[in-house]
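File shown here: structure08.pdb, holding PDB, C-alpha atoms, pLDDT in the B column.
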```pdb
ATOM      1  CA  MET A   2     -23.197 -24.349 -92.341  1.00 39.00           C
ATOM      2  CA  LEU A   3     -24.490 -21.086 -93.744  1.00 45.00           C
ATOM      3  CA  LEU A   4     -26.786 -19.216 -91.386  1.00 47.00           C
ATOM      4  CA  GLY A   5     -30.014 -17.981 -92.922  1.00 49.00           C
ATOM      5  CA  GLU A   6     -33.022 -16.014 -91.780  1.00 49.00           C
ATOM      6  CA  PHE A   7     -34.698 -19.261 -90.690  1.00 50.00           C
ATOM      7  CA  MET A   8     -32.348 -19.540 -87.722  1.00 54.00           C
ATOM      8  CA  THR A   9     -33.689 -19.026 -84.237  1.00 56.00           C
ATOM      9  CA  SER A  10     -31.824 -17.185 -81.540  1.00 63.00           C
ATOM     10  CA  ARG A  11     -31.142 -20.405 -79.649  1.00 68.00           C
ATOM     11  CA  ALA A  12     -29.626 -22.161 -82.675  1.00 67.00           C
ATOM     12  CA  LEU A  13     -27.746 -19.022 -83.633  1.00 67.00           C
ATOM     13  CA  MET A  14     -26.081 -18.566 -80.272  1.00 73.00           C
ATOM     14  CA  GLN A  15     -24.426 -21.997 -80.476  1.00 82.00           C
ATOM     15  CA  PHE A  16     -21.985 -20.442 -82.958  1.00 86.00           C
ATOM     16  CA  ALA A  17     -21.649 -17.037 -81.278  1.00 91.00           C
ATOM     17  CA  ARG A  18     -18.461 -15.523 -79.897  1.00 93.00           C
ATOM     18  CA  PRO A  19     -18.005 -12.517 -77.616  1.00 95.00           C
ATOM     19  CA  LEU A  20     -17.375  -9.176 -79.336  1.00 97.00           C
ATOM     20  CA  VAL A  21     -16.870  -5.668 -77.987  1.00 97.00           C
ATOM     21  CA  VAL A  22     -19.173  -2.903 -79.222  1.00 97.00           C
ATOM     22  CA  LYS A  23     -18.340   0.793 -78.879  1.00 96.00           C
ATOM     23  CA  ARG A  24     -21.535   2.824 -78.602  1.00 94.00           C
ATOM     24  CA  ALA A  25     -21.322   6.592 -78.593  1.00 86.00           C
ATOM     25  CA  PRO A  26     -23.994   8.162 -76.392  1.00 82.00           C
ATOM     26  CA  MET A  27     -25.773  11.261 -77.618  1.00 76.00           C
ATOM     27  CA  GLY A  28     -23.763  14.393 -77.084  1.00 75.00           C
ATOM     28  CA  ALA A  29     -25.050  17.712 -75.847  1.00 78.00           C
ATOM     29  CA  TYR A  30     -24.700  21.389 -76.716  1.00 83.00           C
ATOM     30  CA  ASP A  31     -23.069  23.805 -74.311  1.00 89.00           C
ATOM     31  CA  ASN A  32     -24.299  27.366 -73.611  1.00 93.00           C
ATOM     32  CA  GLN A  33     -22.421  28.704 -76.654  1.00 93.00           C
ATOM     33  CA  GLY A  34     -24.077  26.157 -78.965  1.00 89.00           C
ATOM     34  CA  LYS A  35     -20.949  24.032 -79.350  1.00 89.00           C
ATOM     35  CA  TYR A  36     -21.610  20.291 -79.655  1.00 81.00           C
ATOM     36  CA  ILE A  37     -19.854  18.251 -76.976  1.00 83.00           C
ATOM     37  CA  ALA A  38     -19.402  14.580 -77.874  1.00 78.00           C
ATOM     38  CA  GLN A  39     -19.492  11.973 -75.127  1.00 82.00           C
ATOM     39  CA  LEU A  40     -17.014   9.133 -74.680  1.00 87.00           C
ATOM     40  CA  PRO A  41     -18.192   5.836 -76.174  1.00 89.00           C
ATOM     41  CA  GLN A  42     -19.546   3.151 -73.899  1.00 93.00           C
ATOM     42  CA  MET A  43     -18.050  -0.310 -74.278  1.00 96.00           C
ATOM     43  CA  MET A  44     -20.285  -3.350 -74.076  1.00 96.00           C
ATOM     44  CA  GLN A  45     -19.864  -7.016 -74.822  1.00 97.00           C
ATOM     45  CA  ILE A  46     -22.263  -8.891 -77.072  1.00 96.00           C
ATOM     46  CA  MET A  47     -22.459 -12.423 -78.419  1.00 95.00           C
ATOM     47  CA  ALA A  48     -22.524 -12.670 -82.210  1.00 95.00           C
ATOM     48  CA  VAL A  49     -21.841 -14.931 -85.155  1.00 93.00           C
ATOM     49  CA  VAL A  50     -19.485 -13.257 -87.639  1.00 94.00           C
ATOM     50  CA  GLN A  51     -19.489 -14.100 -91.356  1.00 90.00           C
ATOM     51  CA  PRO A  52     -18.192 -12.437 -94.532  1.00 87.00           C
ATOM     52  CA  LEU A  53     -20.661 -10.845 -96.934  1.00 82.00           C
ATOM     53  CA  GLN A  54     -21.475 -13.022 -99.910  1.00 75.00           C
ATOM     54  CA  GLY A  55     -23.002 -12.661-103.366  1.00 68.00           C
ATOM     55  CA  GLN A  56     -25.844 -10.185-103.511  1.00 66.00           C
ATOM     56  CA  GLU A  57     -25.122  -8.910-100.009  1.00 63.00           C
ATOM     57  CA  LEU A  58     -22.140  -7.066-101.485  1.00 60.00           C
ATOM     58  CA  GLN A  59     -24.657  -4.892-103.353  1.00 60.00           C
ATOM     59  CA  LEU A  60     -25.656  -3.428 -99.962  1.00 65.00           C
ATOM     60  CA  VAL A  61     -22.207  -1.850 -99.650  1.00 58.00           C
ATOM     61  CA  GLU A  62     -21.731   1.585-101.225  1.00 62.00           C
ATOM     62  CA  GLU A  63     -20.050   1.289-104.587  1.00 55.00           C
ATOM     63  CA  GLY A  64     -16.801   2.987-103.583  1.00 52.00           C
ATOM     64  CA  ALA A  65     -16.449   0.820-100.476  1.00 50.00           C
ATOM     65  CA  ARG A  66     -16.971  -2.620-102.011  1.00 48.00           C
ATOM     66  CA  THR A  67     -13.275  -3.395-101.821  1.00 50.00           C
ATOM     67  CA  SER A  68     -13.212  -2.770 -98.066  1.00 64.00           C
ATOM     68  CA  ASN A  69     -13.328  -5.503 -95.470  1.00 85.00           C
ATOM     69  CA  THR A  70     -16.994  -6.095 -94.641  1.00 89.00           C
ATOM     70  CA  ILE A  71     -18.679  -8.537 -92.297  1.00 92.00           C
ATOM     71  CA  LYS A  72     -22.176  -9.432 -91.168  1.00 92.00           C
ATOM     72  CA  LEU A  73     -23.189 -10.224 -87.621  1.00 94.00           C
ATOM     73  CA  TYR A  74     -26.047 -12.287 -86.279  1.00 93.00           C
ATOM     74  CA  THR A  75     -26.702 -11.224 -82.696  1.00 93.00           C
ATOM     75  CA  ASP A  76     -29.439 -11.086 -80.091  1.00 91.00           C
ATOM     76  CA  THR A  77     -28.425  -7.481 -79.324  1.00 94.00           C
ATOM     77  CA  GLU A  78     -29.936  -4.670 -81.375  1.00 95.00           C
ATOM     78  CA  LEU A  79     -27.134  -2.616 -82.951  1.00 96.00           C
ATOM     79  CA  ARG A  80     -27.417   0.942 -84.265  1.00 95.00           C
ATOM     80  CA  THR A  81     -26.607   2.671 -87.519  1.00 93.00           C
ATOM     81  CA  VAL A  82     -26.089   6.411 -87.980  1.00 89.00           C
ATOM     82  CA  ASP A  83     -29.222   8.502 -87.438  1.00 85.00           C
ATOM     83  CA  VAL A  84     -28.505  12.122 -88.346  1.00 79.00           C
ATOM     84  CA  ASN A  85     -31.916  13.365 -87.186  1.00 82.00           C
ATOM     85  CA  LYS A  86     -31.446  11.874 -83.713  1.00 78.00           C
ATOM     86  CA  GLN A  87     -27.710  12.708 -83.690  1.00 74.00           C
ATOM     87  CA  ILE A  88     -26.809   9.064 -83.075  1.00 83.00           C
ATOM     88  CA  ASP A  89     -23.502   7.626 -84.275  1.00 88.00           C
ATOM     89  CA  ALA A  90     -23.312   4.085 -85.585  1.00 93.00           C
ATOM     90  CA  ASP A  91     -22.104   1.350 -83.294  1.00 96.00           C
ATOM     91  CA  ARG A  92     -18.571   0.110 -83.848  1.00 96.00           C
ATOM     92  CA  VAL A  93     -17.634  -3.537 -83.407  1.00 97.00           C
ATOM     93  CA  ILE A  94     -14.173  -4.871 -82.594  1.00 96.00           C
ATOM     94  CA  PHE A  95     -13.407  -8.138 -84.402  1.00 96.00           C
ATOM     95  CA  ASN A  96      -9.932  -9.681 -84.855  1.00 94.00           C
ATOM     96  CA  GLN A  97      -8.245  -6.467 -83.631  1.00 93.00           C
ATOM     97  CA  ARG A  98     -10.059  -4.455 -86.332  1.00 94.00           C
ATOM     98  CA  GLU A  99     -12.830  -1.925 -85.886  1.00 95.00           C
ATOM     99  CA  TYR A 100     -15.992  -2.098 -88.009  1.00 94.00           C
ATOM    100  CA  GLN A 101     -18.842   0.397 -88.257  1.00 93.00           C
ATOM    101  CA  VAL A 102     -22.428  -0.835 -88.531  1.00 95.00           C
ATOM    102  CA  PHE A 103     -24.014   0.500 -91.728  1.00 92.00           C
ATOM    103  CA  ARG A 104     -27.201  -1.570 -91.955  1.00 92.00           C
ATOM    104  CA  VAL A 105     -29.342  -3.528 -89.486  1.00 94.00           C
ATOM    105  CA  GLU A 106     -32.129  -5.960 -90.329  1.00 93.00           C
ATOM    106  CA  ASP A 107     -34.712  -6.700 -87.642  1.00 93.00           C
ATOM    107  CA  TRP A 108     -35.249 -10.433 -87.299  1.00 89.00           C
ATOM    108  CA  SER A 109     -36.316 -10.037 -83.674  1.00 84.00           C
ATOM    109  CA  ALA A 110     -39.342 -12.273 -84.301  1.00 85.00           C
ATOM    110  CA  GLY A 111     -36.714 -15.022 -84.557  1.00 83.00           C
ATOM    111  CA  GLY A 112     -34.779 -13.575 -81.640  1.00 85.00           C
ATOM    112  CA  TYR A 113     -31.916 -11.844 -83.443  1.00 89.00           C
ATOM    113  CA  TRP A 114     -30.716  -8.942 -85.565  1.00 93.00           C
ATOM    114  CA  LYS A 115     -28.513  -9.093 -88.635  1.00 93.00           C
ATOM    115  CA  ALA A 116     -25.990  -6.257 -88.888  1.00 95.00           C
ATOM    116  CA  TYR A 117     -23.715  -5.351 -91.788  1.00 93.00           C
ATOM    117  CA  CYS A 118     -20.406  -3.698 -90.912  1.00 92.00           C
ATOM    118  CA  SER A 119     -17.579  -2.067 -92.839  1.00 90.00           C
ATOM    119  CA  GLU A 120     -14.000  -1.799 -91.587  1.00 91.00           C
ATOM    120  CA  VAL A 121     -12.954   1.564 -90.180  1.00 90.00           C
ATOM    121  CA  LEU A 122      -9.658   2.908 -91.490  1.00 82.00           C
ATOM    122  CA  SER A 123      -6.869   4.249 -89.308  1.00 72.00           C
ATOM    123  CA  ASP A 124      -8.218   7.796 -89.838  1.00 64.00           C
ATOM    124  CA  GLY A 125     -11.396   6.753 -88.024  1.00 58.00           C
ATOM    125  CA  LEU A 126     -13.617   6.767 -91.103  1.00 60.00           C
ATOM    126  CA  PRO A 127     -15.409   3.726 -92.491  1.00 60.00           C
ATOM    127  CA  HIS A 128     -13.878   2.492 -95.751  1.00 52.00           C
TER     128      HIS A 128
END
```
The structure in this file should be written as structure tokens.
Amino acid sequence: MLLGEFMTSRALMQFARPLVVKRAPMGAYDNQGKYIAQLPQMMQIMAVVQPLQGQELQLVEEGARTSNTIKLYTDTELRTVDVNKQIDADRVIFNQREYQVFRVEDWSAGGYWKAYCSEVLSDGLPH
């Protein structure tokens, strides 16, 4: 069964599995103006994981379309990068691989969020 935007949170969570999310808290600047990053916080969420299909692949940057990408349906709001607020994107652990959230769609009226994620390479950068 393909999950669509018509799903409610209750129906969605029947298919959910636990995933670990790494969320980096905002860092701070020391007295010399040097940015000090904070250690990421680990949290567990419930989510349905599916591969991207068809037109969804157009959401991925052109150079990264060959990378491993997934979409999540979850009742937890995930974050993307926000340069102005100095917020790093959430990272999700799935099947021993780390994925960075690059887009989030707010379907909270239905009780969930849809997040698109791209696999992070061994150098720590999203593919």
Selection under test: the PyMOL selection byres ((chain A and resi 85-92) around 9); residues as a PDB file with C-alpha atoms, keeping the file's coordinate frame:
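Ended up saving to selection.pdb:
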```pdb
ATOM      1  CA  VAL A  21     -16.870  -5.668 -77.987  1.00 97.00           C
ATOM      2  CA  VAL A  22     -19.173  -2.903 -79.222  1.00 97.00           C
ATOM      3  CA  LYS A  23     -18.340   0.793 -78.879  1.00 96.00           C
ATOM      4  CA  ARG A  24     -21.535   2.824 -78.602  1.00 94.00           C
ATOM      5  CA  ALA A  25     -21.322   6.592 -78.593  1.00 86.00           C
ATOM      6  CA  PRO A  26     -23.994   8.162 -76.392  1.00 82.00           C
ATOM      7  CA  MET A  27     -25.773  11.261 -77.618  1.00 76.00           C
ATOM      8  CA  GLY A  28     -23.763  14.393 -77.084  1.00 75.00           C
ATOM      9  CA  LEU A  79     -27.134  -2.616 -82.951  1.00 96.00           C
ATOM     10  CA  ARG A  80     -27.417   0.942 -84.265  1.00 95.00           C
ATOM     11  CA  THR A  81     -26.607   2.671 -87.519  1.00 93.00           C
ATOM     12  CA  VAL A  82     -26.089   6.411 -87.980  1.00 89.00           C
ATOM     13  CA  ASP A  83     -29.222   8.502 -87.438  1.00 85.00           C
ATOM     14  CA  VAL A  84     -28.505  12.122 -88.346  1.00 79.00           C
ATOM     15  CA  VAL A  93     -17.634  -3.537 -83.407  1.00 97.00           C
ATOM     16  CA  ILE A  94     -14.173  -4.871 -82.594  1.00 96.00           C
ATOM     17  CA  GLU A  99     -12.830  -1.925 -85.886  1.00 95.00           C
ATOM     18  CA  TYR A 100     -15.992  -2.098 -88.009  1.00 94.00           C
ATOM     19  CA  GLN A 101     -18.842   0.397 -88.257  1.00 93.00           C
ATOM     20  CA  VAL A 102     -22.428  -0.835 -88.531  1.00 95.00           C
ATOM     21  CA  PHE A 103     -24.014   0.500 -91.728  1.00 92.00           C
ATOM     22  CA  CYS A 118     -20.406  -3.698 -90.912  1.00 92.00           C
ATOM     23  CA  VAL A 121     -12.954   1.564 -90.180  1.00 90.00           C
TER      24      VAL A 121
END
```
One-decimal distance in Å that lies between CA of Leu53 (chain A) and CA of Tyr117 (chain A):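 Between these atoms lies a distance of 8.1 Å.
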Could you tell me how far CA of Ala38 (chain A) lies from CA of Asp107 (chain A), in Å and to one decimal? 28.0 Å
Enclose all atoms of region 27-30 of chain A listed in the file in an axis-aligned box, grow every side by 6 Å, and hand back centre and edge lengths in Å to one decimal, as AutoDock Vina command-line options.
```
--center_x -24.8 --center_y 16.3 --center_z -76.7 --size_x 14.0 --size_y 22.1 --size_z 13.8
```
Do you know which residues the PyMOL selection byres ((chain A and resi 109) around 10) returns on this file, as a PyMOL selection string? chain A and resi 9-10+75-78+106-108+110-115
Report the distance between CA of Leu20 (chain A) and CA of Leu40 (chain A) in Å, rounded to one decimal place.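 Here the two named atoms are 18.9 Å from each other.
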Determine the residue set returned by the PyMOL selection byres ((chain A and resi 49-52) around 10) for the present structure, and present it as JSON, numbers by chain. {"A": [3, 4, 13, 14, 15, 16, 17, 18, 19, 20, 47, 48, 53, 54, 57, 58, 69, 70, 71, 72, 73, 74, 75, 76, 95, 115, 116, 117, 118]}
